[in-house]
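Trainee: Have a look at the structure that comes next, please.
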Amino acid sequence: MYETYYGLSSKPFQLNPDPSFYFGSKQHRRAKAYLEYGVQRNEGFIVITGEVGAGKTTIVRGLLASLDPDKVVAANLVTTQLDAEDTLRMVGAAFGVRVKDVSKADVLMALEAYLVSQTSLGRRCLLIVDEAQNLTARAVEELRMLSNFQFGQQALLQTFLVGQPEFRTILQSPTMQQLRQRVTATCHIGPLDKDETRGYVEHRLKCAGANGRPSFADAAFEAIFNASGGIPRRINLTCDRLLLLGFLGSKDAFGAEDVDEVVNELHDESAVSANGGAPAATGAEDPGAPAATSAQADDVAGTKLQLSSALAGALCSQIEGLGAEQYDGRLRRLELSMLRIERINLEVLAMLQKMVLTARKSNQETSS
């Protein structure tokens, strides 16, 4: 909506994680280095934690995009609110192993055979588990048991556990002692500081093709930091709405008062949502109070219209992000289906080869 007005090539503050907008703060660089170290080491668990919207998924997607598919086979597990066996089946499905209508033992054998086959081809297998704080203790134990798979002295599977801060507390529980012994590195991503918040906003605008428009006053950056707490996703939400406000009001420069206006709008919308669509009460009605005048009614109508326009823009942004996530999900499911079909074809081909060899051997015996 506002991209054309500001001469941008894309939305700079979309909520959907995009590795092309990766901003290397000190903490994000450290987390990325830990992940890269883990890939090189090829064993054990790497644990990355951070607040909601801190940029964990962006770092992981950037890592996945940088991996050589001829050397590393990566599977990403997102749905983690499952019991232990379902988690195991999700891991198998993520690697393209057949998991439907087979026993748990068959899933384990098929998964181990797949990992061995990839290792023999010179490929390493990497499992990334997102939202790890939702894993049950039994599911975590199931993942730990998978780390026991070995081919000679080489581990067959490496796992990255990515989750919210509470996962750090979970790891410290007595039941997680064996897992802790397998963790080779841990890293926590905290919020950006004030200077990093400014750098983050300027970086994303630059990535989107901004050339001096829009501009931000120093006080605006400080207001954005105060409103977002330095959490990247909250910064995106605030700045996206700020650019929408600028587009509606033909603004090229933003000050602290503009940020405050946007923050108040977002707060009011959250209050409306929390009250099931009804505006938050500001006090008891006075039955003796005079009825609203026509001018007051027009003011209220105008405020609602502005709120509706801003809300429509926010909804469009969320729908675009949802569409991208659904598209990614469909691509992943399609890729998994293709891998399953390929594996089934290989199994059928192997069976046919055995039948041909058996037939030839039978013919030779009959001839002799």
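Identifiers in the structure tokens: chain A, B, ... in order shown; residue index from 1 per chain; ligand index from 1 in order shown.
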Which residues in region 22-246 of chain A does DSSP call strand (DSSP E or B)? List them as a PyMOL selection string.
Mentor: chain A and resi 45-50+72-77+124-129+150-151+154-155+157-163+183-189+215-216
Trainee: Could you name the residues that touch region 25-31 of chain A at 6 Å or less, counting only C-alpha atoms, but leaving out those on the same chain fewer than 3 positions away, as a compact mmCIF listing (two decimals) with C-alpha atoms, in the first residue's frame?
Mentor:
```
# COMPACT_ATOMS: atom_id res chain seq x y z
CA TYR A 34 26.86 -21.05 17.22
CA CYS A 187 22.80 -19.19 23.09
CA ILE A 189 18.89 -13.91 21.96
```
Trainee: Skip Glu36 (chain A) itself and residues of its chain fewer than 2 positions away, then list as a PyMOL selection string all residues within 12 Å of it, counting only C-alpha atoms.
Mentor: chain A and resi 29-34+38-42+46+59-60+62-64+66-67+126+160+185
Trainee: Create the file for the chosen residues now, containing N, CA, C and O atoms and written as a CSV table (one decimal), in the first residue's frame.
Mentor:
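Okay, result-v2.csv is ready:
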```csv
chain,number,residue,atom,x,y,z
A,29,ARG,N,24.5,-12.2,15.6
A,29,ARG,CA,25.8,-12.8,15.1
A,29,ARG,C,26.3,-13.9,15.9
A,29,ARG,O,26.8,-14.9,15.4
A,30,ARG,N,26.2,-13.8,17.2
A,30,ARG,CA,26.6,-14.8,18.1
A,30,ARG,C,25.8,-16.1,17.9
A,30,ARG,O,26.4,-17.2,17.8
A,31,ALA,N,24.5,-16.0,17.8
A,31,ALA,CA,23.6,-17.1,17.6
A,31,ALA,C,23.9,-17.8,16.3
A,31,ALA,O,24.0,-19.0,16.2
A,32,LYS,N,24.1,-17.0,15.3
A,32,LYS,CA,24.4,-17.5,13.9
A,32,LYS,C,25.7,-18.3,13.9
A,32,LYS,O,25.9,-19.3,13.3
A,33,ALA,N,26.7,-17.7,14.7
A,33,ALA,CA,28.0,-18.4,14.8
A,33,ALA,C,27.9,-19.7,15.5
A,33,ALA,O,28.6,-20.7,15.1
A,34,TYR,N,27.1,-19.8,16.5
A,34,TYR,CA,26.9,-21.0,17.2
A,34,TYR,C,26.2,-22.1,16.3
A,34,TYR,O,26.6,-23.3,16.3
A,38,GLY,N,27.9,-25.5,15.1
A,38,GLY,CA,27.2,-26.8,15.3
A,38,GLY,C,27.2,-27.6,14.0
A,38,GLY,O,27.4,-28.8,14.0
A,39,VAL,N,26.9,-27.0,12.8
A,39,VAL,CA,26.9,-27.7,11.6
A,39,VAL,C,28.3,-28.3,11.3
A,39,VAL,O,28.4,-29.4,10.8
A,40,GLN,N,29.3,-27.5,11.5
A,40,GLN,CA,30.7,-28.0,11.3
A,40,GLN,C,31.0,-29.2,12.2
A,40,GLN,O,31.7,-30.1,11.8
A,41,ARG,N,30.6,-29.1,13.5
A,41,ARG,CA,30.9,-30.2,14.4
A,41,ARG,C,30.1,-31.4,14.2
A,41,ARG,O,30.6,-32.5,14.4
A,42,ASN,N,28.9,-31.3,13.7
A,42,ASN,CA,28.1,-32.4,13.2
A,42,ASN,C,27.8,-33.5,14.3
A,42,ASN,O,27.9,-34.7,14.1
A,46,ILE,N,22.4,-28.2,19.7
A,46,ILE,CA,22.7,-26.8,19.8
A,46,ILE,C,21.3,-26.2,20.3
A,46,ILE,O,20.3,-26.5,19.6
A,59,ILE,N,17.0,-16.3,11.7
A,59,ILE,CA,18.4,-16.9,11.7
A,59,ILE,C,18.4,-18.3,11.2
A,59,ILE,O,19.3,-18.7,10.4
A,60,VAL,N,17.5,-19.1,11.6
A,60,VAL,CA,17.4,-20.5,11.2
A,60,VAL,C,17.2,-20.6,9.7
A,60,VAL,O,17.8,-21.4,9.0
A,62,GLY,N,17.8,-18.4,7.5
A,62,GLY,CA,19.1,-18.0,6.8
A,62,GLY,C,20.1,-19.0,6.7
A,62,GLY,O,20.8,-19.2,5.7
A,63,LEU,N,20.2,-19.8,7.8
A,63,LEU,CA,21.2,-20.9,7.9
A,63,LEU,C,20.8,-22.0,6.9
A,63,LEU,O,21.6,-22.5,6.1
A,64,LEU,N,19.5,-22.3,6.8
A,64,LEU,CA,19.0,-23.3,5.9
A,64,LEU,C,19.3,-23.0,4.4
A,64,LEU,O,19.7,-23.8,3.6
A,66,SER,N,21.7,-21.2,3.4
A,66,SER,CA,23.1,-21.2,3.1
A,66,SER,C,23.7,-22.5,3.0
A,66,SER,O,24.9,-22.7,2.6
A,67,LEU,N,23.0,-23.6,3.4
A,67,LEU,CA,23.6,-24.9,3.4
A,67,LEU,C,23.6,-25.5,2.0
A,67,LEU,O,22.8,-25.3,1.2
A,126,LEU,N,20.6,-33.0,9.5
A,126,LEU,CA,20.4,-32.0,10.5
A,126,LEU,C,18.9,-31.8,10.7
A,126,LEU,O,18.1,-31.7,9.8
A,160,PHE,N,19.2,-29.1,16.3
A,160,PHE,CA,19.1,-27.8,16.8
A,160,PHE,C,17.8,-27.6,17.5
A,160,PHE,O,16.7,-27.9,16.9
A,185,ALA,N,26.4,-26.5,22.8
A,185,ALA,CA,26.4,-25.0,22.9
A,185,ALA,C,25.0,-24.5,23.1
A,185,ALA,O,24.1,-25.1,22.5
```
Trainee: Please provide as a PyMOL selection string all residues within 12 Å of region 144-154 of chain A, with the sequence filter that same-chain residues fewer than 3 positions apart are discarded (counting only C-alpha atoms).
Mentor: chain A and resi 41-45+84+87-88+91-92+107-109+111-120+122-127+137-141+157-161+176-183
Trainee: Enumerate, as a list in words, the complete set of residues in region 152-215 of chain A that a backbone-based DSSP assignment places in alpha helix (DSSP H).
Mentor: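 Reading the DSSP output for region 152-215 of chain A, alpha helix (DSSP H) covers Glu166, Phe167, Arg168, Thr169, Ile170, Leu171, Gln177, Gln178, Leu179, Arg180, Lys194, Asp195, Glu196, Thr197, Arg198, Gly199, Tyr200, Val201, Glu202, His203, Arg204, Leu205, Lys206 and Cys207 of chain A.
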Trainee: For the residues in that selection, give me N, CA and C atoms as an mmCIF file, in the first residue's frame.
Mentor:
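New file part.cif:
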```cif
data_model
loop_
_atom_site.group_PDB
_atom_site.id
_atom_site.type_symbol
_atom_site.label_atom_id
_atom_site.label_comp_id
_atom_site.auth_asym_id
_atom_site.auth_seq_id
_atom_site.Cartn_x
_atom_site.Cartn_y
_atom_site.Cartn_z
ATOM 1 N N GLU A 166 11.507 -19.965 28.259
ATOM 2 C CA GLU A 166 11.148 -20.979 29.253
ATOM 3 C C GLU A 166 11.814 -22.335 28.968
ATOM 4 N N PHE A 167 12.279 -22.531 27.727
ATOM 5 C CA PHE A 167 12.952 -23.795 27.431
ATOM 6 C C PHE A 167 14.269 -23.914 28.197
ATOM 7 N N ARG A 168 14.878 -22.772 28.527
ATOM 8 C CA ARG A 168 16.107 -22.805 29.330
ATOM 9 C C ARG A 168 15.811 -23.364 30.717
ATOM 10 N N THR A 169 14.647 -22.985 31.277
ATOM 11 C CA THR A 169 14.246 -23.512 32.588
ATOM 12 C C THR A 169 13.962 -25.004 32.498
ATOM 13 N N ILE A 170 13.294 -25.410 31.402
ATOM 14 C CA ILE A 170 12.988 -26.830 31.206
ATOM 15 C C ILE A 170 14.270 -27.655 31.169
ATOM 16 N N LEU A 171 15.285 -27.123 30.503
ATOM 17 C CA LEU A 171 16.549 -27.846 30.374
ATOM 18 C C LEU A 171 17.229 -28.081 31.718
ATOM 19 N N GLN A 177 18.853 -34.168 32.565
ATOM 20 C CA GLN A 177 20.296 -34.285 32.783
ATOM 21 C C GLN A 177 21.004 -34.957 31.608
ATOM 22 N N GLN A 178 20.419 -36.032 31.089
ATOM 23 C CA GLN A 178 21.064 -36.742 29.984
ATOM 24 C C GLN A 178 21.117 -35.879 28.729
ATOM 25 N N LEU A 179 20.053 -35.087 28.490
ATOM 26 C CA LEU A 179 20.069 -34.203 27.329
ATOM 27 C C LEU A 179 21.127 -33.117 27.492
ATOM 28 N N ARG A 180 21.219 -32.550 28.700
ATOM 29 C CA ARG A 180 22.215 -31.497 28.934
ATOM 30 C C ARG A 180 23.621 -31.977 28.621
ATOM 31 N N LYS A 194 19.141 0.380 22.286
ATOM 32 C CA LYS A 194 18.613 1.567 21.603
ATOM 33 C C LYS A 194 19.316 1.823 20.267
ATOM 34 N N ASP A 195 20.649 1.740 20.257
ATOM 35 C CA ASP A 195 21.395 1.985 19.017
ATOM 36 C C ASP A 195 21.116 0.900 17.982
ATOM 37 N N GLU A 196 20.999 -0.350 18.435
ATOM 38 C CA GLU A 196 20.706 -1.450 17.512
ATOM 39 C C GLU A 196 19.303 -1.319 16.927
ATOM 40 N N THR A 197 18.379 -0.815 17.739
ATOM 41 C CA THR A 197 17.017 -0.603 17.231
ATOM 42 C C THR A 197 17.028 0.393 16.075
ATOM 43 N N ARG A 198 17.769 1.469 16.229
ATOM 44 C CA ARG A 198 17.895 2.439 15.136
ATOM 45 C C ARG A 198 18.548 1.796 13.912
ATOM 46 N N GLY A 199 19.637 1.060 14.150
ATOM 47 C CA GLY A 199 20.307 0.391 13.047
ATOM 48 C C GLY A 199 19.413 -0.619 12.357
ATOM 49 N N TYR A 200 18.573 -1.310 13.129
ATOM 50 C CA TYR A 200 17.651 -2.304 12.584
ATOM 51 C C TYR A 200 16.641 -1.642 11.640
ATOM 52 N N VAL A 201 16.045 -0.539 12.088
ATOM 53 C CA VAL A 201 15.050 0.166 11.264
ATOM 54 C C VAL A 201 15.695 0.673 9.975
ATOM 55 N N GLU A 202 16.862 1.301 10.093
ATOM 56 C CA GLU A 202 17.549 1.845 8.918
ATOM 57 C C GLU A 202 17.985 0.724 7.971
ATOM 58 N N HIS A 203 18.414 -0.399 8.533
ATOM 59 C CA HIS A 203 18.845 -1.532 7.707
ATOM 60 C C HIS A 203 17.694 -2.088 6.884
ATOM 61 N N ARG A 204 16.543 -2.266 7.504
ATOM 62 C CA ARG A 204 15.406 -2.847 6.781
ATOM 63 C C ARG A 204 14.887 -1.882 5.718
ATOM 64 N N LEU A 205 14.892 -0.590 6.006
ATOM 65 C CA LEU A 205 14.490 0.384 4.996
ATOM 66 C C LEU A 205 15.442 0.347 3.804
ATOM 67 N N LYS A 206 16.738 0.236 4.080
ATOM 68 C CA LYS A 206 17.730 0.171 3.014
ATOM 69 C C LYS A 206 17.546 -1.088 2.174
ATOM 70 N N CYS A 207 17.277 -2.223 2.836
ATOM 71 C CA CYS A 207 17.051 -3.474 2.110
ATOM 72 C C CYS A 207 15.826 -3.378 1.203
#
```
Trainee: Measuring between only C-alpha atoms, which one of A:Leu245, A:Glu142, A:Val52, A:Asn264 shows the shortest distance to Asp83 (chain A)?
Mentor: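 Smallest distance to Asp83 (chain A) is found for A:Glu142.
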Trainee: When distances are computed from only C-alpha atoms, which of A:Arg98, A:Arg89, A:Arg213, A:Lys56 shows the smallest separation from Gly190 (chain A)?
Mentor: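 Distance minimum relative to Gly190 (chain A) lands on A:Lys56.
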Trainee: To one decimal place, how far is CA of Asn226 (chain A) from CA of Arg241 (chain A) in Å?
Mentor: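 Calculated distance between CA of Asn226 (chain A) and CA of Arg241 (chain A) is 15.9 Å.
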